[in-house]
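Asks: Quick one: the structure is below, questions incoming.
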Amino acid sequence: MSDYDGVNGGTELVPVETGLNLDPDDDDDSAPKGRSSRSEQYPPSFFTDEKGNLKFVNLVVRRPCSVFFGILILCFIMTFLLVSVVFSAGNPFTDPGNEYDINDIRSIDYDSLKLARDKVEDDRKAWETSLAEASGIPQLVRPQQEVLDITYWVFEGETDAGVFGSAESLRGMREALTLFTEDADYQDFCWKRYSQEQEQDNGFAASNSTNSTGECDLPLSALNIYYTSFWDVDIAQSVIDTLMMDFPANVIRYNAVALCVEFNTLCEEVPPQYNTTEDFAWALALNAEISSLTNEWDGKGPLQEPFLDQISLFCAYMQQLITKKGLMDFGFDKEFSIDNPVSKYSRAILTWGGPLALTDTNTEPDDLTDEEKDEGDEEALKDYIVDNFLSRMNKIASSKHNPEVNSYYFMGALILEVLLDVVRQDALLALASFLFVFIYLRIMVGSWFLACIGMTEILFSVPVSWFIYNTIFRVKYFAFLNTLTLFIVAAIGADDIFIFMDAYKLSGQSKDPEILESLESRMSWVYRRTGFAMAITSATTCSAFLCTLITPLAGVQAFGIFAATVILIDYVLVMTLFCTAVVIYHNKYERPGCCSSCSAGCSTIDPSSTQEAFAKVNSDDDFKRDRISTFFRTKMSPFINTPLNRLFLGIAFLLWLVIAVINALRITPTKEEEQFLSEDHPLQKSITILNRAFPIVEDDEGLNIHFIWGLNKVSRKGVSPLTDPEFFGNPKFLDTFEFNEVCQTEMLQVCTDLKQNDLYVPYIKQAGGLGAVSCFIEELAAYNVLGSLDDCMSVLSGEWKNEVWQIPEADIPAMMQSFIYERSCYSEEGSSIMEQYKDNLGFDGTAMRFAGLSVESSVIDPFSTLPEKTVREQYDKMIEISKKIDNVMIDACGGKTLMTDLDTKFVFMNNQRIYTRSALTSSILGVCIAFTVLLVSTRVFHIAFFATLSIICVLVSVTGSMVIIGWDLGSIEAILISIVAGFSVDYVVHLAHSYVQSSGNTAERITQAFGEMGISVLNGMVTSVGASIPLFFCQLQFFKKFGTFLCLTIAFYGDDVGASIPLFFCQLQFFKKFGTFLCLTIAFSWLFANFGFMSVLAQLKIPIKKKGAEAKNAGTNYSDSDGVSDEEGNGGYSNDNEFDA
């Protein structure tokens, strides 16, 4: 039996001349004069046969199984190829750190240094390899000498006494540290300090002797003070009394001479009033008393329970001394002071070291690259933590573990596990979204077969689009944002399915014999009617997403291109795969049949629903409408057509819009760091406490800001982030750069100024009373004078400055070849010079390519995402400093200063500005595109204008709601605003198009539009809302916010609320915000489309007139009228029953 057998019994039904409407409720049986037949209305062409049927539909009707499986196989092939091409290379997502405007000065400076540093490092490693091969001795690094990872504990006191006010609280914090330090294998993983005698003069021929084991570094914690090995109450009280006397006179007195007394440096800077023998003797005695206590802060003694208050007060006074504050301020919060010696929060760090002295019996060490060795160490450390400690860490971090202190932790090796666990939970919620869509599809279409094919079509649209996006468009940048398309297509795909099925059901209620004479004619009518309507909405949505191309950020551009592709492919699959499935459903499943739709032995429904409908064309039987369509036709339409109701609606909408506009105008860029996780998530809570409760102190890592000489701007030739996201250009070195004696002298002077100038204190972190400035030139000069860096006291004191320390430029390469392997006196980790200054010392093994210095910011750290305004203040000051430096360094070194950071904070600062600006421009452009598409599709200006006005109202409402619920304009919010037009256009377009294609006066058009599209729009809204609810519970904040956002927008527009609600429960902020956005957008879209847009049309009653050939075909209306104009009684408009696509 062929695919076509059994369709209408293989017999063409004879049409009967009649002028009846498709609309079963229209009792006008008279045929308008001048009516044309289908063959006249749709003359034969490449797409249409001699009967006016679409040739593609003829193929689908005659060979439904062949077409169906052909499309499915093609989708499977594309998916298989996608997996083979994209996923075979590993993680398909592009590093989000690669997203920036490649033409912005911040990104240019960033890549200029980063690429130059990498190039110099590669050249130097090649030189080192050749040198090691020549000597026959490999370069070795001592076990656990380098920092591999850290475990960070954050503690929050639950009582007024703070975290250090009671023994129970202190023991609770202590437990979190001894959990590791008392483990038998801790020595094999801790970060170790090696004595200087154990270090080699250079990096070659390091010994692995058993007596060079090193010692595990103490955890960085204020607990070391409270568990000190020695505490003398009298000495402590003597120090407190001395500093308390005439406070702050003695504090100022000590600080004036501290650097000279303790480090024998800057003695010439001591103010004259304190430069006396008496002052120095007093300071020496006080320093001796303090040191007798602080030198014993090793955390190895018993808890000094009787002296807790005295210890806290002693630390408060140490906080006032510029050379002592670094010993204690890490463990106390920013509110801790002499007047308030109570710390509500504390923190501690355990440091893990590498390379680990672990052997892999399956792999020789020489067979592994450095990166593979590092990955192996990280995996071994992670296994050690997970297997031995993770369960107990979680127990300590539980809220009920200790009544006086809450503990939170995070660790680099574990954070991915934590986030993956969050993503797994959120993924289950995302599955709930798709499950809801599937169940609702099943309920509304009434067929498991069609529901399954509908979900298959929706899901296939993503991999098929990805294949086209990657293979045909050649776009390799795949942003994390692209994952949002799963929820977008779930909403829009379900909407298209409802539109198609509603048209199919309505075609079965037609009184037009030409529509029902065969399945080909029936499906051609459905295809034309739905194809054009969905093409309009899909084109508008695609265009709105493509508006993101105006932003210079590749990640946002990639999202726009991918989302537009997914919408297009979803439309194509609905019109092909799902259309074919409907034909199979018509033949086999519309009434109970057999289980296999395309098997040879399966019976075909006889008579089919088309045959039964054709038989009723001339009957007076009423078609039974579903309750929802009846509600919109008999309840919603009269409600909108009642003037008093429109008055109340107008007042309500006006009041709301006033509120929304006022709040929308109040939206401001975020003033706080952006959160990645939900506020109550332990990881986010610890990060929030760190950012808000603690100042940046000596032991904190501030953002390193680099001032470099010898580099030109990076060459961007051939750079295309979308097609090659890993290529950023080629580094350029200045040929005019000279690292001569003059350049060296001026570099040292710049370092000194940055360290000592009080004007820079608000911007440069202070350490030991000086600015935290990293200058390799200091140690290079000392090395030239002293011959080595073994005597760090001489290096740090600056005694070498009294000698001629400058190095002739010709001698630099030879000196550098030994200097770079010296142990840095400024490195607490015992790092080599090259490791300590790897970003600023551009020696490639044979020549100095660039040189520089860096300062640590007192405000920005490498980990937090601060508001754009905060970062810009710091950036502007650094630009000011670099311009001041240029006054001497251009002539001295032969080039201008390049200022940048290597943690992309300045780059992201510019991204934040781009986000906020693109939010406005993209939304405006999206609205303009929507108006253009509406005008072209309806060819009625006032319809396009009012529909666009409705979209604007949605945009304003969503933005105002964002302010009301407490959102600021961060990067996530800006991205969501920029795409709101794309989400809010579908529903008003459906109603507008249906209104234009209807006939009769305004009230009749509104009734017909609601009767035809009300159920489709409502179904789309319900699926979207239902699918968005799980996102409210996500911890990924973007998805949660997006769910809310879209829910409200489309509730004023109509289709996709259900798909957004799951996003509210996600854990990561990204998903959470997405869920909120989705729900907001859907809600507002549905409300404004149904009650706003339609009420305006009902109130103004502007007639729609069509001319020429269109007026001649007034008889082929979807719902024929009596030819009465809205105002004049003139039959000046036509339905064109079948959309002339």
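Labels used: A, B, ... for chains in the order of the structure tokens, numbers from 1 for residues in each chain, and numbers from 1 for ligands as shown.
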Mind checking which residues fall within 9 Å of Asp149 (chain A), counting only C-alpha atoms, ignoring those fewer than 5 positions away in the same chain, and posting them as a ChimeraX atom specification?
Replies: /A:191,350-354,378,381,411-413
Asks: Report the residues of region 640-773 of chain A whose backbone DSSP state falls under strand (DSSP E), written as a PyMOL selection string.
Replies: chain A and resi 704-709+711-715+730-733+766-767+770-771+773
Asks: Give me the residues within 10 Å of Ile820 (chain A) as JSON, numbers by chain, counting only C-alpha atoms and dropping any in the same chain fewer than 2 places off.
Replies: {"A": [202, 203, 776, 780, 815, 816, 817, 818, 822, 823, 824, 832, 833, 834, 835, 836, 837, 838, 841, 843, 845]}
Asks: Can you pull out every residue within 12 Å of Cys542 (chain A), counting only C-alpha atoms, but drop anything in the same chain fewer than 4 positions away, and send it as JSON, numbers by chain?
Replies: {"A": [488, 489, 492, 534, 535, 536, 537, 538, 546, 547, 548, 549, 559, 560, 561, 562, 563, 564, 565, 566, 567, 568, 569, 570, 571, 926, 929, 930, 933, 979, 981, 982, 983, 985, 986]}
Asks: Of the candidates A:Ser864, A:Thr1007, A:Asn911, A:Thr551, which shows the shortest atom-to-atom distance to Arg692 (chain A), using only C-alpha atoms?
Replies: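 Looking only at the distances to Arg692 (chain A), the closest residue turns out to be A:Ser864.
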Asks: Rounded to one decimal, what separation in Å do you get between CA of Ile1015 (chain A) and CA of Ile499 (chain A)?
Replies: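 Distance reported for this atom pair: 8.9 Å.
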Asks: Using only C-alpha atoms, which of the listed residues (A:Gly798, A:Leu955, A:Leu866, A:Gln310) sits closest to Cys267 (chain A)?
Replies: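 Among A:Gly798, A:Leu955, A:Leu866, A:Gln310, it is A:Gly798 that comes nearest to Cys267 (chain A).
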Asks: Closest to Asn295 (chain A) among A:Ser774, A:Asn224, A:Ser312, A:Ser1085, using only C-alpha atoms?
Replies: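 Selected residue with least distance to Asn295 (chain A): A:Asn224.
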Asks: As an exercise, work out the distance from CA of Ile290 (chain A) to CA of Met318 (chain A) in Å and give it to one decimal place.
Replies: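 According to the coordinates, CA of Ile290 (chain A) and CA of Met318 (chain A) are separated by 8.8 Å.
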